[in-house]
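Notes to accompany the following structure.
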Amino acid sequence: MTALHARLEQHQTQKLSPRLQQAVRLLQLSSLEFMQQVHAMLDSNPFLETPDTEPARDETDADREPWHADARAPGASRVNTDGGDTSAMNLVAAMPSLTDHLHGQLNVLPLPLRDRVLAKAIVESLDDDGYLRTPLDELATLAELDPPASDEEMRIALCRVQSLEPSGVAARSVAECLLLQVPEFVPPDQRHLARRIVTGHLDALAASRDPGPLARRLGLPVDDVAPVCDQIRRFDPHPGWRYGQAQVQYITPDVIVKKVRGEWLASLNPAVFPKVRLNQLYADLYHHARDAHSGALATQLRDARWTVRNVQQRFSTILDVAQAIVRRQGAFFELGAMAMKPLALREIADEVGVHESTVSRVTNNKYMATRHGVYELKHFFSRAMKARSGAEFSGTAVRGLVAEMIEAESPQAPLSDAEIARILAQQGLAVARRTVTKYRQQLRVEPVERRRRSAA
């Protein structure tokens with residue numbers, strides 16, 4: 001018979017309490033998400049309130065120049081708030097929509113009312129790309145003219161709209177859009193060839209940037225075909241994209257870095273700090289009147305106290321981490337990206353006295369406004385790379401060097417990624433060509449072939 005034995009063993013495991021788990025989750029939220037969470041707590045918890053009055057500002061302190069809360073990265077700008085809502089962004093004229101742009105041109109043309117109605121009907125039917133996707137016979141019905149518009153009238157109205165700026169608007173296909181741009185961008189002696197390529201060989205043009213196969217198909221010298229291909233590639237297949245307000249994603253910096261008395265200092269942005277406190281009057285009333293049936297209120301009071309502490313702890317941690325970054329990366333704030341030093345999360349964690357995972361959460365979706373732009377806090381961290389001399393440098397600094405070299409290159413002889421890598425090696429920085437390619441792509445710079453063609 002098999003004997004059964006019971007054995008009692010003890011194991012230690014680390015388990016976070018639900019409240020601590022929530023604190024960790026809130027720490028990694030962006031400021032906007034955190035503000036939404038706090039506002040939801042304010043709406044549901046009677047023991048939380050916002051201060052009725054704002055602290056007075058010392059407007060004579062020149063060092064307290066306000067930052068606009070919606071600063072775009074990089075390149076945040078300072079604005080004057082003395083006159084109310086006078087943000088610099090509010091002073092920028094909005095880009096007119098494509099429809100408004102075309103209507104404005106039609107309004108100055110001496111057109112009969114019937115012709116104007118038909119032209120405007122076409123304009124109103126264009127999509128965001130600037131194309132006309134609705135058949136002309138259907139538009140004639142929608143115009144509701146008496147007598148109905150004829151096919152010839154609709155074709156004339158279409159030609160009238162297609163003659164407006166931008167070139168290529170109101171096209172019914174990509175080929176037609178490109179054909180409409182030929183007269184504006186191609187010299188007269190090359191227009192016939194350009195139309196021939198667009199109407200019959202657009203697939204070959206799109207398949208390869210090498211004009212050789214297309215030249216052989218056309219039976220023409222490569223030297224005749226190549227410049228025409230280059231010009232066609234500069235056409236805009238989406239003319240409608242040039243108009244209308246672009247959707248800009250704004251970033252609100254959590255921390256602002258300024259130079260005060262010769263020293264770079266980090267401070268919290270008041271715009272992202274939730275103004276929340278314990279409603280002491282309600283708390284006192286609860287303590288004096290509580291009874292056995294007030295368990296729900298007791299829970300809300302504990303949650304309110306925890307929320308206030310969590311708000312303070314969150315922003316205290318963000319500020320501590322930001323100040324440590326400023327101390328470590330002082331050269332960046334003074335000189336820019338090329339002065340960025342290698343920095344690991346562990347170094348900041350040791351200095352602040354928190355776990356490395358806490359620094360990781362703090363630096364995610366939190367932003368710092370500097371004289372060089374607005375950057376996510378994790379932008380200041382990069383692994384160390386060694387130069388031939390033994391000195392260490394950061395990838396961010398190399399990326400800044402790559403940007404500077406590309407900006408200074410000759411338009412007629414742009415630098416390839418391999419050439420940039422060789423130049424860096426001559427300066428003692430051993431960087432692989434594929435790493436240079438990665439940095440160039442992060443800078444949103446086109447390859448050398450396209451930069452050379454764009455400069456031609």
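Identifiers in this document derive from the order of the structure tokens: chains are assigned A, B, ..., residues are numbered from 1 separately in each chain, and ligands are numbered from 1 in order of occurrence.
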Quick one: pick out all strand (DSSP E) residues within segment 323-378 of chain A from a backbone DSSP run and write them as an MDAnalysis selection string. chainID A and resid 367:370 373:376
Would you mind exporting N, CA and C atoms of the selected residues as an mmCIF file, in the first residue's frame?
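Written output follows (selection25.cif):
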```cif
data_model
loop_
_atom_site.group_PDB
_atom_site.id
_atom_site.type_symbol
_atom_site.label_atom_id
_atom_site.label_comp_id
_atom_site.auth_asym_id
_atom_site.auth_seq_id
_atom_site.Cartn_x
_atom_site.Cartn_y
_atom_site.Cartn_z
ATOM 1 N N TYR A 367 6.828 64.517 -20.555
ATOM 2 C CA TYR A 367 7.596 65.367 -21.468
ATOM 3 C C TYR A 367 8.249 66.526 -20.728
ATOM 4 N N MET A 368 9.392 66.948 -21.279
ATOM 5 C CA MET A 368 10.171 68.030 -20.702
ATOM 6 C C MET A 368 10.348 69.123 -21.757
ATOM 7 N N ALA A 369 10.023 70.359 -21.391
ATOM 8 C CA ALA A 369 10.208 71.508 -22.280
ATOM 9 C C ALA A 369 11.578 72.109 -22.034
ATOM 10 N N THR A 370 12.373 72.222 -23.088
ATOM 11 C CA THR A 370 13.716 72.779 -22.989
ATOM 12 C C THR A 370 13.883 73.877 -24.027
ATOM 13 N N GLY A 373 13.553 72.344 -27.485
ATOM 14 C CA GLY A 373 12.316 71.698 -27.892
ATOM 15 C C GLY A 373 11.698 70.931 -26.741
ATOM 16 N N VAL A 374 10.629 70.216 -27.035
ATOM 17 C CA VAL A 374 9.936 69.404 -26.036
ATOM 18 C C VAL A 374 10.266 67.943 -26.312
ATOM 19 N N TYR A 375 10.768 67.239 -25.303
ATOM 20 C CA TYR A 375 11.212 65.870 -25.479
ATOM 21 C C TYR A 375 10.597 64.969 -24.422
ATOM 22 N N GLU A 376 10.307 63.729 -24.824
ATOM 23 C CA GLU A 376 9.890 62.740 -23.847
ATOM 24 C C GLU A 376 11.072 62.452 -22.926
#
```
Could you give me, as an mmCIF file with C-alpha atoms, in the first residue's frame, the residues within 10 Å of Gln329 of chain A, counting only C-alpha atoms and dropping anything in the same chain fewer than 6 positions from it?
```
data_model
loop_
_atom_site.group_PDB
_atom_site.id
_atom_site.type_symbol
_atom_site.label_atom_id
_atom_site.label_comp_id
_atom_site.auth_asym_id
_atom_site.auth_seq_id
_atom_site.Cartn_x
_atom_site.Cartn_y
_atom_site.Cartn_z
ATOM 1 C CA TRP A 264 19.637 74.755 -15.282
ATOM 2 C CA GLN A 323 16.002 67.054 -11.791
ATOM 3 C CA GLY A 336 22.067 70.635 -27.797
ATOM 4 C CA ALA A 339 26.363 67.058 -26.210
ATOM 5 C CA MET A 340 24.049 64.300 -24.955
ATOM 6 C CA LYS A 341 25.817 61.821 -22.675
ATOM 7 C CA PRO A 342 25.110 58.094 -22.328
ATOM 8 C CA LEU A 343 22.628 57.528 -19.529
ATOM 9 C CA PHE A 380 17.579 61.493 -22.467
ATOM 10 C CA PHE A 381 18.538 57.832 -22.023
#
```
From the list A:Val359, A:Ala344, A:Met41, A:Leu401, the nearest residue to Leu27 of chain A using only C-alpha atoms is A:Val359
Taking 5 positions as the minimum chain separation for residues in the same chain, which residues sit within 8 Å of segment 221-227 of chain A when counting only C-alpha atoms? Answer as a list in words.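 The filter keeps Leu193, Pro211, Gly212, Leu214, Ala215 and Arg216 of chain A.
Atom pair atom CA of Thr396 of chain A / atom CA of Ala432 of chain A: separated by 14.8 Å.
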Nearby residues (only C-alpha atoms) at most 12 Å from Lys386 of chain A, same-chain spacing under 3 positions excluded, as an MDAnalysis selection string: chainID A and resid 341:342 383 389:395 398 425 428:431
Selection file, N, CA and C atoms, as a PDB file, in the first residue's frame:
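The new file result-v6.pdb reads:
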```
ATOM      1  N   LYS A 341      24.947  62.857 -23.230  1.00  0.00           N
ATOM      2  CA  LYS A 341      25.817  61.821 -22.675  1.00  0.00           C
ATOM      3  C   LYS A 341      25.057  60.504 -22.576  1.00  0.00           C
ATOM      4  N   PRO A 342      25.783  59.380 -22.584  1.00  0.00           N
ATOM      5  CA  PRO A 342      25.110  58.094 -22.328  1.00  0.00           C
ATOM      6  C   PRO A 342      24.491  58.107 -20.933  1.00  0.00           C
ATOM      7  N   ARG A 383      22.248  54.086 -24.611  1.00  0.00           N
ATOM      8  CA  ARG A 383      23.369  53.230 -24.193  1.00  0.00           C
ATOM      9  C   ARG A 383      24.691  53.872 -24.590  1.00  0.00           C
ATOM     10  N   SER A 389      39.254  56.328 -28.891  1.00  0.00           N
ATOM     11  CA  SER A 389      40.085  56.852 -27.798  1.00  0.00           C
ATOM     12  C   SER A 389      39.719  56.252 -26.455  1.00  0.00           C
ATOM     13  N   GLY A 390      38.594  55.515 -26.406  1.00  0.00           N
ATOM     14  CA  GLY A 390      38.125  54.945 -25.151  1.00  0.00           C
ATOM     15  C   GLY A 390      37.032  55.769 -24.502  1.00  0.00           C
ATOM     16  N   ALA A 391      36.835  56.979 -24.980  1.00  0.00           N
ATOM     17  CA  ALA A 391      35.774  57.831 -24.428  1.00  0.00           C
ATOM     18  C   ALA A 391      34.407  57.290 -24.834  1.00  0.00           C
ATOM     19  N   GLU A 392      33.409  57.539 -23.993  1.00  0.00           N
ATOM     20  CA  GLU A 392      32.061  57.082 -24.273  1.00  0.00           C
ATOM     21  C   GLU A 392      31.228  58.212 -24.865  1.00  0.00           C
ATOM     22  N   PHE A 393      30.316  57.841 -25.764  1.00  0.00           N
ATOM     23  CA  PHE A 393      29.398  58.819 -26.354  1.00  0.00           C
ATOM     24  C   PHE A 393      28.045  58.141 -26.520  1.00  0.00           C
ATOM     25  N   SER A 394      27.000  58.944 -26.684  1.00  0.00           N
ATOM     26  CA  SER A 394      25.646  58.413 -26.775  1.00  0.00           C
ATOM     27  C   SER A 394      25.177  58.354 -28.217  1.00  0.00           C
ATOM     28  N   GLY A 395      24.212  57.476 -28.469  1.00  0.00           N
ATOM     29  CA  GLY A 395      23.618  57.398 -29.793  1.00  0.00           C
ATOM     30  C   GLY A 395      22.913  58.676 -30.180  1.00  0.00           C
ATOM     31  N   VAL A 398      25.390  61.016 -31.668  1.00  0.00           N
ATOM     32  CA  VAL A 398      25.753  60.628 -33.036  1.00  0.00           C
ATOM     33  C   VAL A 398      24.648  61.017 -34.003  1.00  0.00           C
ATOM     34  N   ALA A 425      33.959  57.602 -38.648  1.00  0.00           N
ATOM     35  CA  ALA A 425      35.108  56.778 -38.274  1.00  0.00           C
ATOM     36  C   ALA A 425      36.385  57.605 -38.265  1.00  0.00           C
ATOM     37  N   GLY A 428      36.919  59.197 -35.137  1.00  0.00           N
ATOM     38  CA  GLY A 428      37.111  58.297 -34.007  1.00  0.00           C
ATOM     39  C   GLY A 428      35.847  57.646 -33.501  1.00  0.00           C
ATOM     40  N   LEU A 429      34.716  57.792 -34.236  1.00  0.00           N
ATOM     41  CA  LEU A 429      33.442  57.221 -33.809  1.00  0.00           C
ATOM     42  C   LEU A 429      33.123  56.043 -34.718  1.00  0.00           C
ATOM     43  N   ALA A 430      33.284  54.837 -34.221  1.00  0.00           N
ATOM     44  CA  ALA A 430      33.041  53.633 -35.010  1.00  0.00           C
ATOM     45  C   ALA A 430      31.543  53.319 -34.995  1.00  0.00           C
ATOM     46  N   VAL A 431      30.863  53.715 -36.060  1.00  0.00           N
ATOM     47  CA  VAL A 431      29.413  53.520 -36.168  1.00  0.00           C
ATOM     48  C   VAL A 431      29.145  52.756 -37.457  1.00  0.00           C
TER      49      VAL A 431
END
```
Env of Gln36 of chain A: 12 Å cut, atoms = only C-alpha atoms, seq-sep filter 6 positions within chain, self excluded. Answer as a list in words.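 Contacts, in chain order: Leu26, Leu29, Ser30, Leu42, Asp43, Val272, Phe273 and Pro274 of chain A.
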Please list as a list in words every residue within 12 Å of Lys120 of chain A, counting only C-alpha atoms and excluding residues in the same chain fewer than 6 positions away. Thr99, Asp100, His101, Leu102, His103, Gly104, Gln105, Leu106, Asn107, Leu111, Leu113, Arg114, Leu126, Leu139, Ala140, Leu142, Ala143, Met154, Ala157, Leu158, Arg160, Val161 and Ala170 of chain A
Separation of atom CA of Leu377 of chain A from atom CA of Gln37 of chain A in Å: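 Answer for the atom CA of Gln37 of chain A to atom CA of Leu377 of chain A separation: 21.8 Å.
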Go through A:Asp417, A:Asp129, A:Asp189, A:Glu449 and flag the residue nearest Ala171 of chain A, using only C-alpha atoms for the distances.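 Between A:Asp417, A:Asp129, A:Asp189, A:Glu449, the residue approaching Ala171 of chain A most closely is A:Asp129.
You will find atom CA of His288 of chain A at 23.1 Å from atom CA of Thr50 of chain A.
Ranking A:Ala413, A:Ile251, A:Ala121, A:Leu319 by their shortest atom-to-atom distance to Asn365 of chain A, with only C-alpha atoms included, puts A:Ile251 first.
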Which neighbours of Arg440 of chain A fall inside 12 Å, counting only C-alpha atoms, when residues of the same chain fewer than 5 positions from it are skipped, and could you give them as a ChimeraX atom specification? /A:396,398-407,415-418,420-421,433-435,445-448
